[in-house]
Amino acid sequence: MRKFLAATVFATSVFALGTSGQLSTAQAQEDARYGGTIRSIVVEGNKRIEARTVQSYLLIEPGDAFDPDRIDLSLKTLFATNLFADVSIDRREDDLVVRVVENPIINRVIFEGNRALKDDKLREEIQASPRGVFTAARVQADVQRVLEMYRRSGRFAAKVEPQYKPLEQNRVDLIFEITEGPVTGVRAINFIGNREYSDSRLRSEIVTRQSRAWRFFSSNDNYDSGRLEFDREKLREFYQNNGYYDFRVTSAVAELTPDQKDFYITFTVDEGRQYDFGEIKVETALEKLDAEVLAAVVPIQQGELFQGDLIETTIDALTYAAGVAGYAFVDIRPQISVNEQTGAIDITFAIDEGPRVYIDRVNIVGNTQTLDRVIRRELRIAEGDAFNRILLDRSRNRIRALGFFKDVEVIETPAEEPDRTTVDIKVTEQSTGELTFAAGFSSVDAYLFDLSASQRNLRGRGQSVVARTSLSSRQQIVDMRFTEPRFLDRNLSAGVDLFATRQDFEEFTGFTSETIGGGLRVAFPLTDRMQLGLSYRLQADDVNISDINYVISSSGELLRIATQIAGQSTPDDFSDDVYREPEPGDAGVGELVVDRCDPAYLLRDTICRSERNDISSIVGYNFFWDQTNDPISPTRGFDFRFSQDIAGLGGDVQYVRTETGASLYRGIWRDVVASAKFSAGYVLPLDSEQGVRINNRFFRGGNSFRGFDVAGLGPREIVRVFDPNTGEVVTTSRLNSLGGNLYYQGTFELTVPNFLPEEYGIKSALFVDVGSLGMLEDVDKGSPVFINDATQLGYPGLSAVRIPKDAAALRASAGLSVFWDSPFGPIRFDFAQILRKEEYDRTESFRFSTSTSF
C-alpha cells in the first residue's frame with residue numbers, strides 16, 4: 001500500500017513538472033503572439049461588405065496593443081452581426097488579419113405545399129425576407145413561427161423543412177417545404193368531478209366543440225390552447241351564475257391521439273355547494289348619496305340564487321347612479337361574506353369617493369384605414385378631462401355605431417403620475433367596401449338579383465358612397481347616394497341622392513309605378529342622443545293602372561265584363577261556357593269596349609284617378625332619439641322616431657305624410673331579449689277633392705306585418721255574389737288592395753334559444769303583431785258597382801256588387817321567425833298564425849325572404 005502511494009506521488013510530481021513546462025512554453029508563444037502594437041488591420045474574404053464596415057465592428061484599431069481580451073470580444077461582436085458564417089482573427093507580423101466568410105443574401109422566399117395558409121399570411125409572420133441575410137439560426141426560428149401558425153389553425157401534425165438553393169453572387173433562394181397534415185380536431189371533451197350538470201350540458205357552455213361532420217362551417221372544433229383557457233373561464237362563469245361560488249377548474253388537459261389527428265380534452269372540476277344571496281346592503285359616507293335610494297337600483301334580491309354576473313351589474317348600476325348624482329369618481333367595493341352552514345352569501349357594497357383621475361392621453365390603436373380624426377370626433381372625452389366612465393362607454397358605443405370596426409375595446413392604463421391615466425381606444429378594422437352580387441328567390445319577390453358597390457368609409461374619412469342596382473320580378477331599383485358626415489368640418493352630415501325605381505305590384509294592388517328623382521339631406525345632433533334631419537326631394541311619378549276591358553252602353557253604363565266564346569249552343573248548360581276579356585270587335589250596336597279607366601265609363605274605378613304623371617316637390621324633417629345601451633344589439637333602453645314629409649311647395653301633389661315609431665328593449669337572460677315596437681303613420685291630403693294618390697298611401701303585410709300577404713290587410717275592393725230574389729250572399733271574392741291613409745302597429749318580440757350551435761348563425765324569435773290600416777278618403781273609395789247578371793263571373797242567374805271595404809278594425813297574428821345568416825346571404829323564415837282578421841284580408845301562414853348585406 002505504501003509503495004502504491006509513493007508511486008502515485010512520484011507520477012503526479014512528474015506529470016505536474018511536465019505540464020508546467022508545457023504551459024510555460026505555450027505562455028511564451030502566447031506572449032509572442034500578442035505582444036507589440038498593431039500596425040494595421042487587414043480584412044480578407046469579404047466580397048459584398050466593405051472592409052471599413054468590418055473594421056467598424058472591431059473594438060480595437062491600429063496603434064493599440066495586441067490585447068487578447070479585446071480581440072476575443074471583437075470576434076464575438078462580428079459573429080453577433082449575423083453578417084458572417086465564419087470569422088477568424090490572426091496576427092501576421094504586426095498586422096491584425098480578419099478573415100470572414102459572408103452569409104448569403106436571400107434572393108426569394110418560397111413556400112411549397114401550403115394550401116390552408118396563404119403565402120402573404122406566412123410572410124407576415126416570418127423574419128426572412130428578400131435582400132435579407134441568410135442565417136441558419138434565423139431560418140430555424142422562422143420554421144418554429146410557421147409551425148406555431150399551423151398549430152393555431154388546428155394543424156398539429158404540420159411539418160416544415162427549410163431548403164436553400166445557392167445562386168451566383170453569394171445569393172440563395174430560401175424554400176420552406178410544408179407538409180400541412182390534417183386539421184387536428186377534438187375527438188372528445190370529457191369532464192371529471194361534475195355531479196350537478198351532465199357532460200353534454202357543460203359542453204354547450206364552452207366554445208370548443210367536438211369534431212363532427214356537420215360542423216364544416218365552424219373552426220371551433222379545432223384544438224386551440226388559447227381557446228382552452230377561455231373555456232375554463234366560461235365554465236367558471238356558468239357555475240357561478242348558477243350559485244356555485246366556490247367552483248374551480250382544477251385542471252384542463254389536452255392529450256394528442258397517437259395518430260396525431262385529434263385531441264382528447266379533459267376538464268377536472270370541483271363544483272362545491274350551491275349558494276343563495278343573503279343580506280344585501282349599500283353603505284356610503286358621501287353626503288349626496290342616500291344608501292336607501294341606491295339600494296333601490298340594486299338588481300339583487302335576498303333569497304335569489306347566487307349569480308356572479310349580478311355583482312358586476314350592480315357595480316355598474318351604482319356607478320351610473322352615483323354619476324347622475326354628481327359623483328364621477330366613486331370606488332365601489334363589494335364585501336362578500338360566505339356562510340357555508342346556511343348556504344347564503346351576504347354582500348355589502350361600500351361606496352367611497354374615489355381619487356380624481358384625469359386623462360393624460362387618448363391613443364387610437366389599430367386603425368389601419370380610418371383616420372384618427374374620424375374616430376376622435378365621436379369621443380365624448382378629451383385629453384385633460386376628468387375621467388368619466390359613463391362618457392367613456394358612450395364614446396365606445398358611438399365608435400361602434402359607425403359600423404367601420406369589427407370590435408372596439410377601451411383599455412385604461414395608469415400613467416406615471418398617480419392621478420393620471422392613459423386611455424387606449426383599440427379598434428379592429430373591418431371591410432367597409434363592398435362589391436356585392438346576389439341572386440336568390442323568395443316567396444315575396446320570386447327571383448332576386450342585386451348588384452351593388454359601396455364604400456362606407458371612403459378614404460378613411462367616414463364618407464359613404466353607394467351605387468346599387470336591384471332587380472326582382474316586382475321591383476327594379478337604381479340608387480346612388482353620397483353622404484359626408486362632417487360637412488364643412490362641422491358637426492353636420494349632408495348627402496345627395498339620385499334614384500330611379502319601378503314597382504310592379506299589379507297582382508296585389510292593381511297598379512305599377514315608375515319614379516325618377518333626386519334629393520338633398522342634412523342632419524345634425526341636438527344632443528348626444530338626439531338628432532334632427534332635414535330633406536328635400538324632387539321626383540317624377542308615373543302610375544299605370546292595369547288594363548281591364550268592359551263592354552258599356554253609349555250612355556256609359558256597364559253591360560258586360562266578359563265575352564262568351566264557347567257554350568252558346570247549350571244555353572241551359574253552363575258547364576261548357578268559356579269567357580274572355582272583351583275586345584274592340586265584341587261591341588254590338590250602341591255598345592263600346594273601353595278600359596275600366598276610360599272617362600266614358602261612368603262607374604270607373606276610383607283607383608283610375610291615380611293614373612297620371614305627377615311632379616312631387618317634398619320637404620321633410622325627421623327626429624331621432626336613442627336611449628339604448630348598444631347601437632347594434634340593444635338589450636336595454638328605448639328609441640323614438642318622428643318624421644314628416646310635406647308635398648305641395650311646388651309640383652302637382654299635395655299632402656302631409658307623418659310617421660312615428662318607438663322601440664323598447666329589455667334583456668331578460670343572456671341572449672333572451674324582449675322588445676316592444678310601436679309605429680303609426682297618417683297621410684293627410686291638402687286637397688280633399690284630390691284625395692291621396694295610391695302610390696302615396698300606406699300598404700301593410702308581408703315582412704311589415706307577418707301572417708298577412710303583401711298588401712294583405714286594409715282597404716280593399718270585394719265582389720259579393722248574391723241571389724237577386726232572396727238577397728242571400730252566395731260568395732265573396734277579394735279584388736285589389738286600395739292602401740290606407742292611416743296605420744298603427746305594435747310588435748312584441750322575444751328572442752328565444754334554439755339550442756343550435758352558434759356557428760350555424762341561426763337565431764329565432766317569438767312574435768305577436770297587432771295593428772290596422774284604413775281611413776281612406778271618400779273620394780278614394782268610390783261607390784258600389786252593381787252587376788245584374790253574374791253569369792260571366794261563373795254564377796248564372798245571380799247578381800253581384802263590387803264594394804270598397806275600409807274597416808280599420810284590429811288585426812293580430814302570432815308565430816315564430818327564424819333568421820339564418822347563411823353563406824348565401826341572410827334568410828328569414830316566418831311561421832304565423834292569424835289571431836284576428838277581416839273577411840277580405842289576404843293571409844299566409846309561411847313566408848321566406850332573402851336580402852343582401854347592402
# chains A, B, ... in the order shown; residues from 1 in each chain; ligands from 1
call {"tool": "residues_around", "arguments": {"residues": "Leu78 (chain A)", "least_positions_apart": "6", "cutoff": "12 Å", "atoms": "only C-alpha atoms", "output": "JSON, numbers by chain"}}
result
{"A": [53, 54, 55, 56, 57, 58, 59, 71, 72, 84, 85, 86, 87, 88, 89, 98, 99, 100, 101, 102, 103]}
call {"tool": "residues_around", "arguments": {"residues": "Ile718 (chain A)", "least_positions_apart": "5", "cutoff": "6 Å", "atoms": "only C-alpha atoms", "output": "NGL selection string"}}
result
:A and (733-735 or 802-803)
call {"tool": "write_last_selection", "arguments": {"atoms": "N, CA and C atoms", "output": "PDB file, in the first residue's frame"}}
result
ATOM      1  N   SER A 733    -115.556  37.555 -53.215  1.00  0.00           N
ATOM      2  CA  SER A 733    -114.224  37.492 -53.821  1.00  0.00           C
ATOM      3  C   SER A 733    -113.451  38.761 -53.482  1.00  0.00           C
ATOM      4  N   ARG A 734    -112.143  38.597 -53.266  1.00  0.00           N
ATOM      5  CA  ARG A 734    -111.279  39.751 -52.970  1.00  0.00           C
ATOM      6  C   ARG A 734    -110.670  40.286 -54.253  1.00  0.00           C
ATOM      7  N   LEU A 735    -110.680  41.613 -54.394  1.00  0.00           N
ATOM      8  CA  LEU A 735    -110.009  42.272 -55.502  1.00  0.00           C
ATOM      9  C   LEU A 735    -108.731  42.940 -54.992  1.00  0.00           C
ATOM     10  N   ARG A 802    -119.803  45.209 -56.534  1.00  0.00           N
ATOM     11  CA  ARG A 802    -118.418  45.497 -56.180  1.00  0.00           C
ATOM     12  C   ARG A 802    -118.422  46.609 -55.139  1.00  0.00           C
ATOM     13  N   ILE A 803    -117.850  46.301 -53.956  1.00  0.00           N
ATOM     14  CA  ILE A 803    -117.950  47.205 -52.810  1.00  0.00           C
ATOM     15  C   ILE A 803    -116.553  47.517 -52.300  1.00  0.00           C
TER      16      ILE A 803
END
call {"tool": "residues_around", "arguments": {"residues": "Val97 (chain A)", "least_positions_apart": "4", "cutoff": "8 Å", "atoms": "only C-alpha atoms", "output": "JSON, numbers by chain"}}
result
{"A": [41, 42, 43, 44, 89, 90, 91, 92]}
call {"tool": "write_last_selection", "arguments": {"atoms": "N, CA and C atoms", "output": "CSV table (one decimal), in the first residue's frame"}}
result
chain,number,residue,atom,x,y,z
A,41,ILE,N,-4.8,46.9,-39.8
A,41,ILE,CA,-5.9,45.8,-39.8
A,41,ILE,C,-6.2,45.5,-41.2
A,42,VAL,N,-6.1,44.2,-41.5
A,42,VAL,CA,-6.3,43.7,-42.9
A,42,VAL,C,-7.5,42.8,-42.9
A,43,VAL,N,-8.5,43.1,-43.8
A,43,VAL,CA,-9.7,42.3,-43.9
A,43,VAL,C,-9.6,41.5,-45.1
A,44,GLU,N,-9.8,40.2,-45.0
A,44,GLU,CA,-9.8,39.2,-46.1
A,44,GLU,C,-11.1,38.4,-46.2
A,89,ILE,N,-9.6,35.7,-36.5
A,89,ILE,CA,-8.7,36.9,-36.3
A,89,ILE,C,-7.3,36.3,-35.9
A,90,ASP,N,-6.3,36.6,-36.8
A,90,ASP,CA,-4.9,36.1,-36.6
A,90,ASP,C,-4.0,37.3,-36.7
A,91,ARG,N,-2.7,37.0,-36.3
A,91,ARG,CA,-1.6,38.0,-36.4
A,91,ARG,C,-0.7,37.6,-37.5
A,92,ARG,N,-0.3,38.6,-38.4
A,92,ARG,CA,0.7,38.4,-39.4
A,92,ARG,C,1.7,39.5,-39.2
call {"tool": "closest_residue", "arguments": {"among": "A:Arg657, A:Arg468, A:Arg502, A:Arg596", "to": "Asp547 (chain A)", "atoms": "only C-alpha atoms"}}
result
A:Arg596
call {"tool": "residues_around", "arguments": {"residues": "Gln127 (chain A)", "least_positions_apart": "3", "cutoff": "12 Å", "atoms": "only C-alpha atoms", "output": "VMD selection string"}}
result
chain A and resid 106 109 122 to 124 130 to 135 137 to 146
call {"tool": "closest_residue", "arguments": {"among": "A:Asp316, A:Asp830, A:Glu581, A:Asp259", "to": "Gly702 (chain A)", "atoms": "only C-alpha atoms"}}
result
A:Asp830
call {"tool": "residues_around", "arguments": {"residues": "Arg248 (chain A)", "least_positions_apart": "4", "cutoff": "7 Å", "atoms": "only C-alpha atoms", "output": "JSON, numbers by chain"}}
result
{"A": [236, 269, 270, 271]}
call {"tool": "select_by_dssp", "arguments": {"residues": "region 46-161 of chain A", "states": "strand (DSSP E)", "output": "list in words"}}
result
Phe84, Ala85, Asp86, Val87, Ser88, Ile89, Asp90, Arg91, Arg92, Asp95, Leu96, Val97, Val98, Arg99, Val100, Val101, Glu102, Ile105, Ile106, Asn107, Arg108, Val109, Ile110, Phe111, Glu112, Lys159, Val160 and Glu161 of chain A
call {"tool": "residues_around", "arguments": {"residues": "Leu492 (chain A)", "least_positions_apart": "5", "cutoff": "12 Å", "atoms": "only C-alpha atoms", "output": "MDAnalysis selection string"}}
result
chainID A and resid 377 483:487 521:526 531:534
call {"tool": "residues_around", "arguments": {"residues": "Trp820 (chain A)", "least_positions_apart": "4", "cutoff": "7 Å", "atoms": "only C-alpha atoms", "output": "VMD selection string"}}
result
chain A and resid 761 to 763 826 to 828
call {"tool": "atom_distance", "arguments": {"atom1": "CA of Pro182 (chain A)", "atom2": "CA of Asp119 (chain A)"}}
result
18.7 Å
call {"tool": "atom_distance", "arguments": {"atom1": "CA of Asp497 (chain A)", "atom2": "CA of Ile694 (chain A)"}}
result
23.8 Å
call {"tool": "select_by_dssp", "arguments": {"residues": "region 16-261 of chain A", "states": "alpha helix (DSSP H)", "output": "number ranges by chain"}}
result
A: 16-34, 51-57, 68-80, 119-125, 136-152, 199-203, 225-240
call {"tool": "closest_residue", "arguments": {"among": "A:Thr527, A:Thr628, A:Asn194, A:Ser153", "to": "Asn222 (chain A)", "atoms": "only C-alpha atoms"}}
result
A:Ser153
